[in-house]
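**Student:** Here it is, the structure in full.
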Amino acid sequence: MSDELDLAEWYNQVRWDAQGLAPVVAQEASTGRVLTLAWMNREALAETAKRGEAVYWSRARRKLWRKGEESGHVQRVVEVRLDCDADAILLRVEQTGGIACHTGRASCFFRKLENGRWLSADPVLKDPKLIYGKK
């Protein structure tokens with residue numbers, strides 16, 4: 001059986017939205033901590049499966065985004081799961097460098113609601129200027 005036929009079997013079972021996207025949750029495989037929420041299109045999912053590293057679709061830049069291509073903070077994929085409605089993807093990953101967020105934190109979910117205010121609950125592990133340079 002060819003790779004193309006294999007791809008069609010699982011790939012076409014995802015229920016893509018009207019823009020051809022599906023939400024993706026990246027979770028640290030060893031701890032279960034949620035690292036980020038991103039989006040994939042068909043090409044991103046196929047590249048992720050092929051490379052074994054997370055590839056997302058950047059809605060802002062309208063292009064594929066290979067996690068870690070600038071920062072070096074690659075997400076190595078341990079497992080890919082599809083939810084019961086087939087419209088959301090879970091990536092269980094090993095986060096290189098312990099930083100998943102462009103703010104230099106371990107997780108993009110670093111704010112918590114406390115007394116009606118969003119407070120930062122997690123420290124910056126590395127200054128983003130040192131990761132990405134001055135912007």
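Letters A, B, ... go to the chains of the structure tokens in the order shown; residues in each chain start at 1; ligands are counted from 1 in the same order.
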Residues within 8 Å of segment 28-31 of chain A, please, as a ChimeraX atom specification. Count only C-alpha atoms; anything in the same chain fewer than 2 positions from it doesn't count.
**Tutor:** /A:26,33-35,78,92-95
**Student:** Quick one: residues within 7 Å of Glu79 of chain A, only C-alpha atoms, excluding same-chain residues fewer than 2 positions away - as number ranges by chain?
**Tutor:** A: 77, 81, 91-92
**Student:** Produce a file of the selected residues containing all heavy atoms, as an mmCIF file, in the first residue's frame.
**Tutor:**
data_model
loop_
_atom_site.group_PDB
_atom_site.id
_atom_site.type_symbol
_atom_site.label_atom_id
_atom_site.label_comp_id
_atom_site.auth_asym_id
_atom_site.auth_seq_id
_atom_site.Cartn_x
_atom_site.Cartn_y
_atom_site.Cartn_z
ATOM 1 N N VAL A 77 6.956 15.001 18.266
ATOM 2 C CA VAL A 77 5.657 14.361 18.445
ATOM 3 C C VAL A 77 5.826 12.930 18.949
ATOM 4 O O VAL A 77 6.517 12.119 18.343
ATOM 5 C CB VAL A 77 4.839 14.386 17.137
ATOM 6 C CG1 VAL A 77 3.526 13.644 17.299
ATOM 7 C CG2 VAL A 77 4.598 15.829 16.704
ATOM 8 N N ARG A 81 -3.527 12.370 18.429
ATOM 9 C CA ARG A 81 -4.872 11.864 18.711
ATOM 10 C C ARG A 81 -5.918 12.770 18.083
ATOM 11 O O ARG A 81 -5.688 13.957 17.891
ATOM 12 C CB ARG A 81 -5.122 11.780 20.218
ATOM 13 C CG ARG A 81 -4.292 10.713 20.899
ATOM 14 C CD ARG A 81 -4.661 10.608 22.353
ATOM 15 N NE ARG A 81 -3.892 9.537 22.991
ATOM 16 C CZ ARG A 81 -4.408 8.703 23.876
ATOM 17 N NH1 ARG A 81 -5.669 8.815 24.248
ATOM 18 N NH2 ARG A 81 -3.656 7.766 24.411
ATOM 19 N N LEU A 91 -1.755 16.781 20.152
ATOM 20 C CA LEU A 91 -0.383 16.332 19.954
ATOM 21 C C LEU A 91 0.238 16.141 21.326
ATOM 22 O O LEU A 91 0.303 17.091 22.118
ATOM 23 C CB LEU A 91 0.456 17.368 19.198
ATOM 24 C CG LEU A 91 0.117 17.689 17.763
ATOM 25 C CD1 LEU A 91 1.142 18.672 17.209
ATOM 26 C CD2 LEU A 91 0.048 16.445 16.908
ATOM 27 N N ARG A 92 0.671 14.941 21.620
ATOM 28 C CA ARG A 92 1.469 14.695 22.824
ATOM 29 C C ARG A 92 2.904 14.821 22.358
ATOM 30 O O ARG A 92 3.322 14.140 21.425
ATOM 31 C CB ARG A 92 1.153 13.321 23.404
ATOM 32 C CG ARG A 92 -0.315 13.276 23.884
ATOM 33 C CD ARG A 92 -0.690 11.997 24.613
ATOM 34 N NE ARG A 92 0.083 11.883 25.839
ATOM 35 C CZ ARG A 92 0.985 10.918 26.068
ATOM 36 N NH1 ARG A 92 1.219 9.974 25.188
ATOM 37 N NH2 ARG A 92 1.657 10.891 27.200
#
**Student:** Report as a list in words all protein, DNA and RNA residues lying within 6 Å of segment 123-134 of chain A, evaluated on only C-alpha atoms, omitting residues in the same chain fewer than 2 positions from it.
**Tutor:**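 Those residues are Ser71, Thr103, Gly104 and Arg105 of chain A.
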**Student:** Convert the current residue selection to file output with all heavy atoms, as a PDB file, in the first residue's frame.
**Tutor:**
ATOM      1  N   SER A  71      13.098  29.706  17.078  1.00  0.00           N
ATOM      2  CA  SER A  71      13.528  29.647  18.477  1.00  0.00           C
ATOM      3  C   SER A  71      14.393  28.438  18.812  1.00  0.00           C
ATOM      4  O   SER A  71      15.132  28.454  19.795  1.00  0.00           O
ATOM      5  CB  SER A  71      12.306  29.612  19.391  1.00  0.00           C
ATOM      6  OG  SER A  71      11.597  28.386  19.220  1.00  0.00           O
ATOM      7  N   THR A 103       6.619  34.067  24.556  1.00  0.00           N
ATOM      8  CA  THR A 103       6.945  34.997  25.644  1.00  0.00           C
ATOM      9  C   THR A 103       8.092  34.483  26.504  1.00  0.00           C
ATOM     10  O   THR A 103       8.466  35.121  27.478  1.00  0.00           O
ATOM     11  CB  THR A 103       5.716  35.231  26.551  1.00  0.00           C
ATOM     12  OG1 THR A 103       5.386  34.009  27.222  1.00  0.00           O
ATOM     13  CG2 THR A 103       4.528  35.761  25.763  1.00  0.00           C
ATOM     14  N   GLY A 104       8.630  33.298  26.170  1.00  0.00           N
ATOM     15  CA  GLY A 104       9.729  32.710  26.920  1.00  0.00           C
ATOM     16  C   GLY A 104       9.289  31.868  28.103  1.00  0.00           C
ATOM     17  O   GLY A 104      10.086  31.514  28.957  1.00  0.00           O
ATOM     18  N   ARG A 105       8.007  31.492  28.124  1.00  0.00           N
ATOM     19  CA  ARG A 105       7.468  30.679  29.214  1.00  0.00           C
ATOM     20  C   ARG A 105       7.297  29.231  28.757  1.00  0.00           C
ATOM     21  O   ARG A 105       7.261  28.943  27.567  1.00  0.00           O
ATOM     22  CB  ARG A 105       6.141  31.243  29.687  1.00  0.00           C
ATOM     23  CG  ARG A 105       6.274  32.593  30.388  1.00  0.00           C
ATOM     24  CD  ARG A 105       4.900  33.148  30.758  1.00  0.00           C
ATOM     25  NE  ARG A 105       4.990  34.333  31.568  1.00  0.00           N
ATOM     26  CZ  ARG A 105       5.097  35.575  31.081  1.00  0.00           C
ATOM     27  NH1 ARG A 105       5.157  35.772  29.773  1.00  0.00           N
ATOM     28  NH2 ARG A 105       5.146  36.608  31.892  1.00  0.00           N
TER      29      ARG A 105
END
**Student:** When you look at Ala121 of chain A with a cut-off of 12 Å (counting only C-alpha atoms), what residues show up, excluding the ones that are within fewer than 6 positions of it in the same chain? I need them as a PyMOL selection string.
**Tutor:** chain A and resi 105-114
**Student:** Please write the residues from the selection above to a file, keeping N, CA and C atoms, as a short mmCIF file (atom, residue, chain, number, x, y, z; two decimals), in the first residue's frame.
**Tutor:**
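File written: out20.cif
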data_model
loop_
_atom_site.label_atom_id
_atom_site.label_comp_id
_atom_site.auth_asym_id
_atom_site.auth_seq_id
_atom_site.Cartn_x
_atom_site.Cartn_y
_atom_site.Cartn_z
N ARG A 105 8.01 31.49 28.12
CA ARG A 105 7.47 30.68 29.21
C ARG A 105 7.30 29.23 28.76
N ALA A 106 7.13 28.34 29.74
CA ALA A 106 6.96 26.92 29.46
C ALA A 106 5.67 26.65 28.69
N SER A 107 4.62 27.41 28.98
CA SER A 107 3.31 27.20 28.37
C SER A 107 2.71 28.53 27.94
N CYS A 108 1.91 28.49 26.88
CA CYS A 108 1.18 29.69 26.46
C CYS A 108 0.06 30.02 27.46
N PHE A 109 -0.32 29.05 28.26
CA PHE A 109 -1.40 29.25 29.24
C PHE A 109 -0.79 29.65 30.58
N PHE A 110 -0.18 30.83 30.62
CA PHE A 110 0.51 31.28 31.82
C PHE A 110 -0.30 32.27 32.66
N ARG A 111 -1.45 32.69 32.15
CA ARG A 111 -2.29 33.62 32.91
C ARG A 111 -3.41 32.86 33.61
N LYS A 112 -3.73 33.29 34.84
CA LYS A 112 -4.85 32.68 35.54
C LYS A 112 -5.78 33.79 36.05
N LEU A 113 -7.06 33.47 36.08
CA LEU A 113 -8.06 34.42 36.55
C LEU A 113 -8.12 34.36 38.07
N GLU A 114 -7.90 35.50 38.68
CA GLU A 114 -7.93 35.57 40.14
C GLU A 114 -8.57 36.90 40.53
#
**Student:** Within 12 Å of segment 52-69 of chain A, counting only C-alpha atoms, which residues show up once you throw out same-chain ones fewer than 3 positions away? Write them as a compact mmCIF listing (two decimals) with C-alpha atoms, in the first residue's frame, please.
**Tutor:**
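File produced: result_14.txt:
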# COMPACT_ATOMS: atom_id res chain seq x y z
CA GLN A 19 -11.41 27.62 6.44
CA GLY A 20 -9.89 24.13 6.16
CA LEU A 21 -8.48 24.26 9.70
CA ALA A 22 -8.71 22.22 12.89
CA PRO A 23 -7.63 23.31 16.39
CA VAL A 24 -4.64 21.50 17.88
CA VAL A 25 -3.71 21.21 21.54
CA ALA A 26 -0.05 20.51 22.25
CA GLN A 27 0.49 18.67 25.53
CA THR A 36 -0.39 25.68 23.50
CA LEU A 37 -3.41 25.81 21.24
CA ALA A 38 -2.65 26.20 17.56
CA TRP A 39 -4.22 25.36 14.19
CA MET A 40 -3.49 22.89 11.44
CA ASN A 41 -4.58 22.64 7.85
CA ARG A 42 -4.23 19.46 5.82
CA GLU A 43 -0.65 20.22 4.79
CA ALA A 44 0.42 20.93 8.39
CA LEU A 45 -1.04 17.65 9.62
CA ALA A 46 0.63 15.70 6.82
CA GLU A 47 3.99 17.41 7.52
CA THR A 48 3.66 16.75 11.25
CA ALA A 49 3.03 13.05 10.64
CA GLY A 72 14.93 26.12 18.36
CA HIS A 73 12.12 25.04 20.70
CA VAL A 74 10.93 22.13 18.57
CA GLN A 75 8.03 19.93 19.62
CA ARG A 76 8.88 16.28 18.94
CA VAL A 77 5.66 14.36 18.45
CA VAL A 78 5.14 11.30 20.64
CA GLU A 79 1.52 10.68 19.68
CA VAL A 80 -1.26 12.24 17.59
CA ILE A 89 -6.35 17.23 17.34
CA LEU A 90 -4.15 16.50 20.34
CA LEU A 91 -0.38 16.33 19.95
CA ARG A 92 1.47 14.70 22.82
CA VAL A 93 4.96 16.13 22.48
CA GLU A 94 8.41 16.42 23.98
CA GLN A 95 9.08 20.17 24.20
CA THR A 96 12.72 20.95 23.38
CA GLY A 97 14.25 23.47 25.76
CA GLY A 98 11.21 23.52 28.06
CA ILE A 99 9.81 26.66 26.38
CA ALA A 100 6.67 26.49 24.24
CA CYS A 101 5.54 30.14 24.32
CA HIS A 102 6.94 33.06 22.34
CA ILE A 131 15.36 33.81 21.70
CA TYR A 132 14.20 35.79 18.67
**Student:** Between atom CA of Asp85 of chain A and atom CA of Ala18 of chain A, what is the distance, to one decimal in Å?
**Tutor:**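 It comes out at 15.6 Å.
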**Student:** May I have all residues of segment 40-131 of chain A that DSSP, computed from the backbone, assigns to helix (DSSP H, G or I), given as a VMD selection string?
**Tutor:** chain A and resid 42 to 51 96 to 98 128 to 131
**Student:** For the strand (DSSP E or B) assignment from backbone DSSP, which residues of segment 14-128 of chain A qualify? Please present them as a PDB file with C-alpha atoms, in the first residue's frame.
**Tutor:**
ATOM      1  CA  ALA A  22      -8.707  22.223  12.889  1.00  0.00           C
ATOM      2  CA  PRO A  23      -7.627  23.310  16.391  1.00  0.00           C
ATOM      3  CA  VAL A  24      -4.639  21.499  17.884  1.00  0.00           C
ATOM      4  CA  VAL A  25      -3.712  21.213  21.536  1.00  0.00           C
ATOM      5  CA  ALA A  26      -0.048  20.505  22.247  1.00  0.00           C
ATOM      6  CA  GLN A  27       0.490  18.672  25.529  1.00  0.00           C
ATOM      7  CA  GLU A  28       3.795  17.758  27.193  1.00  0.00           C
ATOM      8  CA  VAL A  34      -1.059  21.874  28.114  1.00  0.00           C
ATOM      9  CA  LEU A  35       1.536  23.886  26.209  1.00  0.00           C
ATOM     10  CA  THR A  36      -0.390  25.678  23.502  1.00  0.00           C
ATOM     11  CA  LEU A  37      -3.414  25.806  21.238  1.00  0.00           C
ATOM     12  CA  ALA A  38      -2.649  26.198  17.563  1.00  0.00           C
ATOM     13  CA  TRP A  39      -4.215  25.363  14.195  1.00  0.00           C
ATOM     14  CA  MET A  40      -3.492  22.891  11.440  1.00  0.00           C
ATOM     15  CA  GLU A  53       7.735  17.336  14.724  1.00  0.00           C
ATOM     16  CA  VAL A  55       4.006  21.870  12.098  1.00  0.00           C
ATOM     17  CA  TYR A  56       1.128  24.329  12.431  1.00  0.00           C
ATOM     18  CA  TRP A  57      -0.749  26.770  10.234  1.00  0.00           C
ATOM     19  CA  SER A  58      -0.214  30.398  11.241  1.00  0.00           C
ATOM     20  CA  LYS A  63       1.665  30.091   6.102  1.00  0.00           C
ATOM     21  CA  LEU A  64       3.012  26.887   7.601  1.00  0.00           C
ATOM     22  CA  TRP A  65       4.829  27.377  10.894  1.00  0.00           C
ATOM     23  CA  ARG A  66       7.340  24.733  11.891  1.00  0.00           C
ATOM     24  CA  GLN A  75       8.026  19.925  19.616  1.00  0.00           C
ATOM     25  CA  ARG A  76       8.884  16.282  18.935  1.00  0.00           C
ATOM     26  CA  VAL A  77       5.657  14.361  18.445  1.00  0.00           C
ATOM     27  CA  VAL A  78       5.142  11.303  20.644  1.00  0.00           C
ATOM     28  CA  GLU A  79       1.520  10.683  19.683  1.00  0.00           C
ATOM     29  CA  VAL A  80      -1.264  12.243  17.589  1.00  0.00           C
ATOM     30  CA  ARG A  81      -4.872  11.864  18.711  1.00  0.00           C
ATOM     31  CA  LEU A  82      -8.212  12.904  17.245  1.00  0.00           C
ATOM     32  CA  ILE A  89      -6.345  17.231  17.341  1.00  0.00           C
ATOM     33  CA  LEU A  90      -4.150  16.501  20.343  1.00  0.00           C
ATOM     34  CA  LEU A  91      -0.383  16.332  19.954  1.00  0.00           C
ATOM     35  CA  ARG A  92       1.469  14.695  22.824  1.00  0.00           C
ATOM     36  CA  VAL A  93       4.960  16.135  22.478  1.00  0.00           C
ATOM     37  CA  GLU A  94       8.408  16.424  23.983  1.00  0.00           C
ATOM     38  CA  GLN A  95       9.083  20.165  24.200  1.00  0.00           C
ATOM     39  CA  ARG A 111      -2.294  33.621  32.910  1.00  0.00           C
ATOM     40  CA  LYS A 112      -4.854  32.679  35.540  1.00  0.00           C
ATOM     41  CA  LEU A 113      -8.061  34.421  36.546  1.00  0.00           C
ATOM     42  CA  GLU A 114      -7.931  35.574  40.135  1.00  0.00           C
ATOM     43  CA  ARG A 117      -8.109  39.857  36.938  1.00  0.00           C
ATOM     44  CA  TRP A 118      -5.729  37.922  34.702  1.00  0.00           C
ATOM     45  CA  LEU A 119      -2.478  37.403  36.580  1.00  0.00           C
ATOM     46  CA  SER A 120       0.757  35.881  35.323  1.00  0.00           C
TER      47      SER A 120
END
**Student:** When you draw a straight line from atom CA of Val14 of chain A to atom CA of Asp87 of chain A, how long is it in Å?
**Tutor:**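 Between atom CA of Val14 of chain A and atom CA of Asp87 of chain A the gap is 6.0 Å.
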**Student:** Measuring between only C-alpha atoms, which one of A:Arg15, A:Asp122, A:Trp10, A:Arg51 shows the shortest distance to Ala86 of chain A?
**Tutor:**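 Looking only at the distances to Ala86 of chain A, the closest residue turns out to be A:Arg15.
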